[in-house]
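Participant: The structure follows.
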Amino acid sequence: NNNNVVVGVFDKEYLAVSLAQYVANLSNKFINQRGAFTVTLSGGSLINYLRKLLEPPYVDTLEWSKWHVFWVDERVVPKTHEDSNYKLAYEGFLSKVPILPGNVYSINDALSAEGAADDYETCIRHLVKSNVIASSSSGFPKFDLQLLGMGPDGHVASLFPGHPLVEEDKKWVTFVKDSPKPPSERITFTFPVINSSAYAALVVTGAGKADAVHSALRVSENSEKLPVALVSPEDELKWFLDKDAASKL
Ligand code: 6PG
């Protein structure tokens, strides 16, 4: 049910080059259109695949001061903890580009899981009201680009196969207390928020992902869909696969 699904299969070295070009094009497009670029980050290897953005020509030419950065999901740990998605993104990416500190919307690590989920949703509601984040016709926030990874089990964000939160259709942000992958407590965007975005990129590498990639892209009418197969942004979904992850297609 996507208007547009694009599948790219890349050599390991070229994947990061191609992802940088894609993110740069969307940054330019949205900054020209609306004066801001709202982009969401995930944990895992994704941050490492953004590394070409830290090099010329991108590092010198992108309008970093117009970027607004969010998290698709976060673990309920202090920002200094090695499990923190914020720490991973800060050390590997955000500290190396001139994004304004006030435009980095990390999840509050001083609150409980419930409190942090509410706080993040409130923050995003304010940014939709003030038009920093666009709004979809259904009233959900419309991020310009969501950058997603996928686990070997087909999870995206902290939405895991068979978990009831996969079906959540009202909340924008929710907490998870029983994640099958540790740490068990997390904050995550829901599918309506993921799927109200304009663009989404799924960055998936390694042979351990090949079965889930196959299942997501070759899903038959009546088989049960993995969470990743539900990703369906408004304008375009682009898969960035390496040859190992694409080996069963
Ligand atoms: C988590 C991870 C997870 C990750 C995927 C893909 O929250 O436990 O961050 O969601 O994004 O498992 O990670 P890799 O790309 O590193 O395999």
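Here's how to read the names in the structure tokens: chain A, B, ... by the order shown, residue numbers from 1 in each chain, ligand numbers from 1 in the order shown.
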Name the residues, by chain letter and number, that sit within 6 Å of ligand 1 using only C-alpha atoms and all ligand atoms, and give them as a ChimeraX atom specification.
Facilitator: /A:42-46,149-151,156-158,181,204
Participant: Those residues you just picked out, can you put them in a file as a PDB file, in the first residue's frame with N, CA and C atoms?
Facilitator:
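Output file result-v7.pdb follows:
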```
ATOM      1  N   SER A  42      17.385   6.372  14.532  1.00  0.00           N
ATOM      2  CA  SER A  42      17.217   5.115  15.272  1.00  0.00           C
ATOM      3  C   SER A  42      18.561   4.740  15.874  1.00  0.00           C
ATOM      4  N   GLY A  43      18.581   3.655  16.629  1.00  0.00           N
ATOM      5  CA  GLY A  43      19.846   3.173  17.179  1.00  0.00           C
ATOM      6  C   GLY A  43      20.507   2.189  16.218  1.00  0.00           C
ATOM      7  N   GLY A  44      21.378   1.367  16.758  1.00  0.00           N
ATOM      8  CA  GLY A  44      22.018   0.325  15.956  1.00  0.00           C
ATOM      9  C   GLY A  44      23.033   0.890  14.979  1.00  0.00           C
ATOM     10  N   SER A  45      23.245   0.135  13.898  1.00  0.00           N
ATOM     11  CA  SER A  45      24.310   0.472  12.948  1.00  0.00           C
ATOM     12  C   SER A  45      23.991   1.703  12.097  1.00  0.00           C
ATOM     13  N   LEU A  46      22.732   2.146  12.123  1.00  0.00           N
ATOM     14  CA  LEU A  46      22.331   3.286  11.292  1.00  0.00           C
ATOM     15  C   LEU A  46      23.292   4.473  11.413  1.00  0.00           C
ATOM     16  N   GLY A 149      16.201   1.428  11.299  1.00  0.00           N
ATOM     17  CA  GLY A 149      16.920   0.169  11.159  1.00  0.00           C
ATOM     18  C   GLY A 149      15.906  -0.958  11.292  1.00  0.00           C
ATOM     19  N   MET A 150      16.368  -2.168  11.188  1.00  0.00           N
ATOM     20  CA  MET A 150      15.477  -3.328  11.385  1.00  0.00           C
ATOM     21  C   MET A 150      16.243  -4.409  12.127  1.00  0.00           C
ATOM     22  N   GLY A 151      15.620  -5.010  13.130  1.00  0.00           N
ATOM     23  CA  GLY A 151      16.253  -6.137  13.813  1.00  0.00           C
ATOM     24  C   GLY A 151      16.075  -7.419  13.008  1.00  0.00           C
ATOM     25  N   VAL A 156      10.952  -2.811  13.974  1.00  0.00           N
ATOM     26  CA  VAL A 156      11.413  -1.448  13.683  1.00  0.00           C
ATOM     27  C   VAL A 156      11.036  -0.587  14.873  1.00  0.00           C
ATOM     28  N   ALA A 157      11.740   0.534  15.051  1.00  0.00           N
ATOM     29  CA  ALA A 157      11.595   1.337  16.254  1.00  0.00           C
ATOM     30  C   ALA A 157      11.658   0.349  17.433  1.00  0.00           C
ATOM     31  N   SER A 158      10.818   0.497  18.475  1.00  0.00           N
ATOM     32  CA  SER A 158      10.744  -0.571  19.486  1.00  0.00           C
ATOM     33  C   SER A 158       9.393  -1.260  19.374  1.00  0.00           C
ATOM     34  N   LYS A 181      13.948  -7.545  23.409  1.00  0.00           N
ATOM     35  CA  LYS A 181      15.390  -7.288  23.309  1.00  0.00           C
ATOM     36  C   LYS A 181      15.768  -6.307  24.414  1.00  0.00           C
ATOM     37  N   VAL A 204      19.429  -1.619   6.259  1.00  0.00           N
ATOM     38  CA  VAL A 204      19.449  -3.005   6.741  1.00  0.00           C
ATOM     39  C   VAL A 204      20.613  -3.751   6.095  1.00  0.00           C
TER      40      VAL A 204
END
```
Participant: Among region 24-152 of chain A, which ones does DSSP assign to helix (DSSP H, G or I) (computed from the backbone)? Answer as a count of residues only.
Facilitator: 57
Participant: If you count only C-alpha atoms, which residues fall within 9 Å of region 126-137 of chain A, apart from same-chain ones fewer than 2 positions away, as a list in words?
Facilitator: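 Neighbouring residues, sequence-local ones excluded: Arg34, Gly35, Ala36, Phe37, Thr38, His68, Glu121, Thr122, Cys123, Ile124, Gly139, Phe140, Pro141, Lys142, Phe143, Asp144, Ser196, Ser197, Ala198 and Glu234 of chain A.
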Participant: Residues as selected, C-alpha atoms, written as a compact mmCIF listing (two decimals), in the first residue's frame, can you do that?
Facilitator:
```
# COMPACT_ATOMS: atom_id res chain seq x y z
CA ARG A 34 9.57 24.86 4.25
CA GLY A 35 12.73 26.29 5.78
CA ALA A 36 13.38 23.30 8.03
CA PHE A 37 14.31 19.61 7.81
CA THR A 38 12.83 17.29 10.44
CA HIS A 68 15.62 19.36 13.68
CA GLU A 121 4.57 13.48 22.77
CA THR A 122 3.88 16.91 24.34
CA CYS A 123 7.11 18.28 22.87
CA ILE A 124 6.19 16.99 19.41
CA GLY A 139 -3.48 15.00 12.25
CA PHE A 140 -0.35 12.99 13.01
CA PRO A 141 3.07 14.65 12.82
CA LYS A 142 4.59 14.46 9.36
CA PHE A 143 8.35 14.20 9.75
CA ASP A 144 10.27 14.89 6.57
CA SER A 196 2.63 9.78 8.49
CA SER A 197 6.17 10.81 7.60
CA ALA A 198 6.89 12.01 4.08
CA GLU A 234 3.20 8.98 2.69
```
Participant: Have a look at A:Val166, A:Val23, A:Val176, A:Ala89 and name the one nearest to Glu114 (chain A); count only C-alpha atoms.
Facilitator: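 Answer, going by the shortest atom-to-atom distance: A:Val176.
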Participant: Just asking: which residues within region 136-243 of chain A are strand (DSSP E or B) according to DSSP, as a list in words?
Facilitator: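 Going through region 136-243 of chain A, the strand (DSSP E or B) residues come out as Pro141, Lys142, Leu145, Gln146, Leu147, Leu148, Val156, Leu159, Val173, Thr174, Phe175, Val176, Arg186, Ile187, Thr188, Phe189, Tyr199, Ala200, Ala201, Leu202, Val203, Val204, Glu236, Leu237, Lys238, Trp239, Phe240, Leu241 and Asp242 of chain A.
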Participant: Produce a file of the selected residues containing N, CA and C atoms, as a PDB file, in the first residue's frame.
Facilitator:
```
ATOM      1  N   PRO A 141       1.911  13.873  13.283  1.00  0.00           N
ATOM      2  CA  PRO A 141       3.067  14.652  12.823  1.00  0.00           C
ATOM      3  C   PRO A 141       3.646  14.048  11.540  1.00  0.00           C
ATOM      4  N   LYS A 142       4.017  14.926  10.629  1.00  0.00           N
ATOM      5  CA  LYS A 142       4.586  14.460   9.357  1.00  0.00           C
ATOM      6  C   LYS A 142       6.057  14.844   9.301  1.00  0.00           C
ATOM      7  N   LEU A 145      11.757  13.053   7.136  1.00  0.00           N
ATOM      8  CA  LEU A 145      12.452  11.779   6.878  1.00  0.00           C
ATOM      9  C   LEU A 145      12.600  11.006   8.177  1.00  0.00           C
ATOM     10  N   GLN A 146      12.201   9.753   8.155  1.00  0.00           N
ATOM     11  CA  GLN A 146      12.459   8.861   9.294  1.00  0.00           C
ATOM     12  C   GLN A 146      13.542   7.869   8.870  1.00  0.00           C
ATOM     13  N   LEU A 147      14.611   7.825   9.648  1.00  0.00           N
ATOM     14  CA  LEU A 147      15.721   6.905   9.380  1.00  0.00           C
ATOM     15  C   LEU A 147      15.579   5.706  10.308  1.00  0.00           C
ATOM     16  N   LEU A 148      15.330   4.550   9.710  1.00  0.00           N
ATOM     17  CA  LEU A 148      14.988   3.353  10.484  1.00  0.00           C
ATOM     18  C   LEU A 148      16.006   2.240  10.259  1.00  0.00           C
ATOM     19  N   VAL A 156      10.952  -2.811  13.974  1.00  0.00           N
ATOM     20  CA  VAL A 156      11.413  -1.448  13.683  1.00  0.00           C
ATOM     21  C   VAL A 156      11.036  -0.587  14.873  1.00  0.00           C
ATOM     22  N   LEU A 159       9.000  -1.561  18.137  1.00  0.00           N
ATOM     23  CA  LEU A 159       7.745  -2.252  17.844  1.00  0.00           C
ATOM     24  C   LEU A 159       8.100  -3.662  17.376  1.00  0.00           C
ATOM     25  N   VAL A 173       3.468   8.683  20.839  1.00  0.00           N
ATOM     26  CA  VAL A 173       4.662   8.109  21.470  1.00  0.00           C
ATOM     27  C   VAL A 173       4.162   7.189  22.576  1.00  0.00           C
ATOM     28  N   THR A 174       4.787   6.049  22.728  1.00  0.00           N
ATOM     29  CA  THR A 174       4.370   5.173  23.817  1.00  0.00           C
ATOM     30  C   THR A 174       5.597   4.552  24.493  1.00  0.00           C
ATOM     31  N   PHE A 175       5.356   3.991  25.676  1.00  0.00           N
ATOM     32  CA  PHE A 175       6.455   3.312  26.362  1.00  0.00           C
ATOM     33  C   PHE A 175       6.257   1.808  26.247  1.00  0.00           C
ATOM     34  N   VAL A 176       7.364   1.097  26.304  1.00  0.00           N
ATOM     35  CA  VAL A 176       7.375  -0.360  26.267  1.00  0.00           C
ATOM     36  C   VAL A 176       8.055  -0.796  27.549  1.00  0.00           C
ATOM     37  N   ARG A 186      11.586   0.977  27.117  1.00  0.00           N
ATOM     38  CA  ARG A 186      11.858   1.842  25.970  1.00  0.00           C
ATOM     39  C   ARG A 186      10.741   2.835  25.737  1.00  0.00           C
ATOM     40  N   ILE A 187      11.053   3.839  24.930  1.00  0.00           N
ATOM     41  CA  ILE A 187      10.075   4.819  24.438  1.00  0.00           C
ATOM     42  C   ILE A 187      10.080   4.649  22.925  1.00  0.00           C
ATOM     43  N   THR A 188       8.930   4.677  22.290  1.00  0.00           N
ATOM     44  CA  THR A 188       8.925   4.497  20.828  1.00  0.00           C
ATOM     45  C   THR A 188       7.816   5.278  20.138  1.00  0.00           C
ATOM     46  N   PHE A 189       8.094   5.731  18.922  1.00  0.00           N
ATOM     47  CA  PHE A 189       7.026   6.214  18.054  1.00  0.00           C
ATOM     48  C   PHE A 189       6.121   5.033  17.718  1.00  0.00           C
ATOM     49  N   TYR A 199       8.957  10.761   3.997  1.00  0.00           N
ATOM     50  CA  TYR A 199       9.904   9.745   3.506  1.00  0.00           C
ATOM     51  C   TYR A 199      10.376   8.878   4.667  1.00  0.00           C
ATOM     52  N   ALA A 200      10.699   7.622   4.367  1.00  0.00           N
ATOM     53  CA  ALA A 200      11.354   6.765   5.353  1.00  0.00           C
ATOM     54  C   ALA A 200      12.428   5.956   4.640  1.00  0.00           C
ATOM     55  N   ALA A 201      13.547   5.782   5.325  1.00  0.00           N
ATOM     56  CA  ALA A 201      14.627   4.938   4.812  1.00  0.00           C
ATOM     57  C   ALA A 201      14.838   3.802   5.799  1.00  0.00           C
ATOM     58  N   LEU A 202      14.921   2.595   5.284  1.00  0.00           N
ATOM     59  CA  LEU A 202      15.227   1.418   6.102  1.00  0.00           C
ATOM     60  C   LEU A 202      16.633   0.963   5.737  1.00  0.00           C
ATOM     61  N   VAL A 203      17.542   1.080   6.689  1.00  0.00           N
ATOM     62  CA  VAL A 203      18.944   0.747   6.435  1.00  0.00           C
ATOM     63  C   VAL A 203      19.234  -0.602   7.088  1.00  0.00           C
ATOM     64  N   VAL A 204      19.429  -1.619   6.259  1.00  0.00           N
ATOM     65  CA  VAL A 204      19.449  -3.005   6.741  1.00  0.00           C
ATOM     66  C   VAL A 204      20.613  -3.751   6.095  1.00  0.00           C
ATOM     67  N   GLU A 236       7.434   8.144   0.086  1.00  0.00           N
ATOM     68  CA  GLU A 236       8.317   7.091  -0.434  1.00  0.00           C
ATOM     69  C   GLU A 236       9.026   6.354   0.698  1.00  0.00           C
ATOM     70  N   LEU A 237       9.093   5.039   0.531  1.00  0.00           N
ATOM     71  CA  LEU A 237       9.941   4.201   1.397  1.00  0.00           C
ATOM     72  C   LEU A 237      11.124   3.742   0.569  1.00  0.00           C
ATOM     73  N   LYS A 238      12.331   3.971   1.081  1.00  0.00           N
ATOM     74  CA  LYS A 238      13.501   3.452   0.389  1.00  0.00           C
ATOM     75  C   LYS A 238      14.280   2.499   1.287  1.00  0.00           C
ATOM     76  N   TRP A 239      14.500   1.299   0.770  1.00  0.00           N
ATOM     77  CA  TRP A 239      15.326   0.312   1.457  1.00  0.00           C
ATOM     78  C   TRP A 239      16.767   0.491   1.005  1.00  0.00           C
ATOM     79  N   PHE A 240      17.692   0.570   1.965  1.00  0.00           N
ATOM     80  CA  PHE A 240      19.127   0.539   1.681  1.00  0.00           C
ATOM     81  C   PHE A 240      19.638  -0.805   2.200  1.00  0.00           C
ATOM     82  N   LEU A 241      19.841  -1.740   1.278  1.00  0.00           N
ATOM     83  CA  LEU A 241      20.277  -3.089   1.651  1.00  0.00           C
ATOM     84  C   LEU A 241      21.705  -3.313   1.184  1.00  0.00           C
ATOM     85  N   ASP A 242      22.462  -4.115   1.942  1.00  0.00           N
ATOM     86  CA  ASP A 242      23.708  -4.601   1.366  1.00  0.00           C
ATOM     87  C   ASP A 242      23.422  -5.970   0.715  1.00  0.00           C
TER      88      ASP A 242
END
```
Participant: When you look at Ala229 (chain A) with a cut-off of 9 Å (counting only C-alpha atoms), what residues show up, excluding the ones that are within fewer than 6 positions of it in the same chain? I need them as a ChimeraX atom specification.
Facilitator: /A:154,213,215-217,219
Participant: What lies within 10 Å of Pro101 (chain A) using only C-alpha atoms, ignoring chain neighbours under 5 positions off, as a PyMOL selection string?
Facilitator: chain A and resi 65+68-69+94-95
Participant: Using N, CA and C atoms, can you write the selected residues to a file as a CSV table (one decimal), in the first residue's frame?
Facilitator:
```csv
chain,number,residue,atom,x,y,z
A,65,SER,N,22.0,24.2,10.4
A,65,SER,CA,21.2,25.0,11.4
A,65,SER,C,19.7,24.9,11.2
A,68,HIS,N,16.2,19.7,12.4
A,68,HIS,CA,15.6,19.4,13.7
A,68,HIS,C,15.7,17.8,13.8
A,69,VAL,N,16.3,17.4,14.9
A,69,VAL,CA,16.6,15.9,15.0
A,69,VAL,C,15.8,15.3,16.2
A,94,LEU,N,26.1,13.6,15.8
A,94,LEU,CA,25.6,15.0,16.2
A,94,LEU,C,26.7,15.9,16.7
A,95,SER,N,27.7,15.3,17.4
A,95,SER,CA,28.8,16.2,17.9
A,95,SER,C,29.7,16.7,16.8
```
Participant: Between A:Asp153, A:Pro78, A:Lys248, A:Pro227, single out the one closest to Ala207 (chain A), counting only C-alpha atoms.
Facilitator: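 Among the listed residues, the smallest separation from Ala207 (chain A) belongs to A:Lys248.
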Participant: Taking only C-alpha atoms into account, name the residue in A:Asn48, A:Thr190, A:Thr40, A:Asn32 that is nearest to Val17 (chain A).
Facilitator: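 Closest candidate: A:Asn48.
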Participant: I'd like the neighbourhood of Glu63 (chain A) as a list of chain:residue names, where a residue qualifies if any of its atoms comes within 12 Å (using only C-alpha atoms), though same-chain residues fewer than 2 positions away should be ignored.
Facilitator: A:Ala24, A:Asn25, A:Leu26, A:Ser27, A:Asn28, A:Lys29, A:Phe30, A:Ile31, A:Asn32, A:Gly35, A:Ala36, A:Phe37, A:Leu53, A:Pro57, A:Tyr58, A:Val59, A:Asp60, A:Thr61, A:Ser65, A:Lys66, A:Trp67, A:His68, A:Val97, A:Pro98, A:Ile99, A:Leu100
Participant: For those residues, write N, CA and C atoms to a file as an mmCIF file, in the first residue's frame.
Facilitator:
```cif
data_model
loop_
_atom_site.group_PDB
_atom_site.id
_atom_site.type_symbol
_atom_site.label_atom_id
_atom_site.label_comp_id
_atom_site.auth_asym_id
_atom_site.auth_seq_id
_atom_site.Cartn_x
_atom_site.Cartn_y
_atom_site.Cartn_z
ATOM 1 N N ALA A 24 21.034 14.123 1.922
ATOM 2 C CA ALA A 24 21.374 15.492 1.495
ATOM 3 C C ALA A 24 20.312 16.034 0.537
ATOM 4 N N ASN A 25 19.861 15.206 -0.402
ATOM 5 C CA ASN A 25 18.821 15.659 -1.345
ATOM 6 C C ASN A 25 17.545 16.043 -0.604
ATOM 7 N N LEU A 26 17.165 15.217 0.376
ATOM 8 C CA LEU A 26 15.928 15.512 1.118
ATOM 9 C C LEU A 26 16.112 16.731 2.014
ATOM 10 N N SER A 27 17.290 16.893 2.596
ATOM 11 C CA SER A 27 17.563 18.076 3.404
ATOM 12 C C SER A 27 17.387 19.330 2.535
ATOM 13 N N ASN A 28 17.975 19.329 1.354
ATOM 14 C CA ASN A 28 17.855 20.495 0.453
ATOM 15 C C ASN A 28 16.408 20.718 0.032
ATOM 16 N N LYS A 29 15.726 19.634 -0.309
ATOM 17 C CA LYS A 29 14.333 19.739 -0.772
ATOM 18 C C LYS A 29 13.445 20.376 0.297
ATOM 19 N N PHE A 30 13.527 19.859 1.526
ATOM 20 C CA PHE A 30 12.605 20.360 2.561
ATOM 21 C C PHE A 30 13.015 21.747 3.058
ATOM 22 N N ILE A 31 14.301 22.024 3.115
ATOM 23 C CA ILE A 31 14.716 23.365 3.542
ATOM 24 C C ILE A 31 14.275 24.400 2.492
ATOM 25 N N ASN A 32 14.357 24.043 1.213
ATOM 26 C CA ASN A 32 13.832 24.950 0.168
ATOM 27 C C ASN A 32 12.333 25.130 0.288
ATOM 28 N N GLY A 35 11.779 25.597 4.900
ATOM 29 C CA GLY A 35 12.727 26.291 5.776
ATOM 30 C C GLY A 35 13.256 25.462 6.932
ATOM 31 N N ALA A 36 12.912 24.174 6.947
ATOM 32 C CA ALA A 36 13.384 23.296 8.027
ATOM 33 C C ALA A 36 13.451 21.871 7.489
ATOM 34 N N PHE A 37 14.238 21.042 8.153
ATOM 35 C CA PHE A 37 14.312 19.614 7.810
ATOM 36 C C PHE A 37 14.157 18.841 9.112
ATOM 37 N N LEU A 53 28.073 11.768 5.679
ATOM 38 C CA LEU A 53 27.557 13.143 5.843
ATOM 39 C C LEU A 53 28.537 14.011 6.623
ATOM 40 N N PRO A 57 31.386 16.578 0.291
ATOM 41 C CA PRO A 57 30.933 17.968 0.290
ATOM 42 C C PRO A 57 29.844 18.254 1.325
ATOM 43 N N TYR A 58 29.258 17.197 1.899
ATOM 44 C CA TYR A 58 28.050 17.399 2.713
ATOM 45 C C TYR A 58 28.309 18.224 3.964
ATOM 46 N N VAL A 59 29.382 17.896 4.680
ATOM 47 C CA VAL A 59 29.599 18.540 5.973
ATOM 48 C C VAL A 59 29.679 20.061 5.830
ATOM 49 N N ASP A 60 30.199 20.529 4.676
ATOM 50 C CA ASP A 60 30.372 21.980 4.481
ATOM 51 C C ASP A 60 29.172 22.641 3.814
ATOM 52 N N THR A 61 28.330 21.871 3.183
ATOM 53 C CA THR A 61 27.295 22.505 2.356
ATOM 54 C C THR A 61 25.873 22.334 2.885
ATOM 55 N N SER A 65 21.955 24.204 10.361
ATOM 56 C CA SER A 65 21.229 25.014 11.356
ATOM 57 C C SER A 65 19.713 24.906 11.168
ATOM 58 N N LYS A 66 19.295 24.341 10.032
ATOM 59 C CA LYS A 66 17.853 24.172 9.798
ATOM 60 C C LYS A 66 17.387 22.738 10.039
ATOM 61 N N TRP A 67 18.290 21.913 10.517
ATOM 62 C CA TRP A 67 17.914 20.538 10.871
ATOM 63 C C TRP A 67 17.252 20.510 12.261
ATOM 64 N N HIS A 68 16.248 19.654 12.389
ATOM 65 C CA HIS A 68 15.623 19.360 13.683
ATOM 66 C C HIS A 68 15.656 17.842 13.830
ATOM 67 N N VAL A 97 28.709 17.759 13.617
ATOM 68 C CA VAL A 97 28.089 18.676 12.653
ATOM 69 C C VAL A 97 27.444 19.841 13.424
ATOM 70 N N PRO A 98 27.371 21.018 12.773
ATOM 71 C CA PRO A 98 26.871 22.197 13.510
ATOM 72 C C PRO A 98 25.340 22.281 13.588
ATOM 73 N N ILE A 99 24.716 21.233 14.094
ATOM 74 C CA ILE A 99 23.272 21.291 14.357
ATOM 75 C C ILE A 99 23.096 22.088 15.649
ATOM 76 N N LEU A 100 22.088 22.969 15.706
ATOM 77 C CA LEU A 100 21.890 23.781 16.913
ATOM 78 C C LEU A 100 21.452 22.882 18.071
#
```
Participant: So the first atom is CA of Lys96 (chain A) and the second is CA of Asp109 (chain A); what is the distance between them in Å, to one decimal place?
Facilitator: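 That distance, rounded to one decimal, is 22.4 Å.
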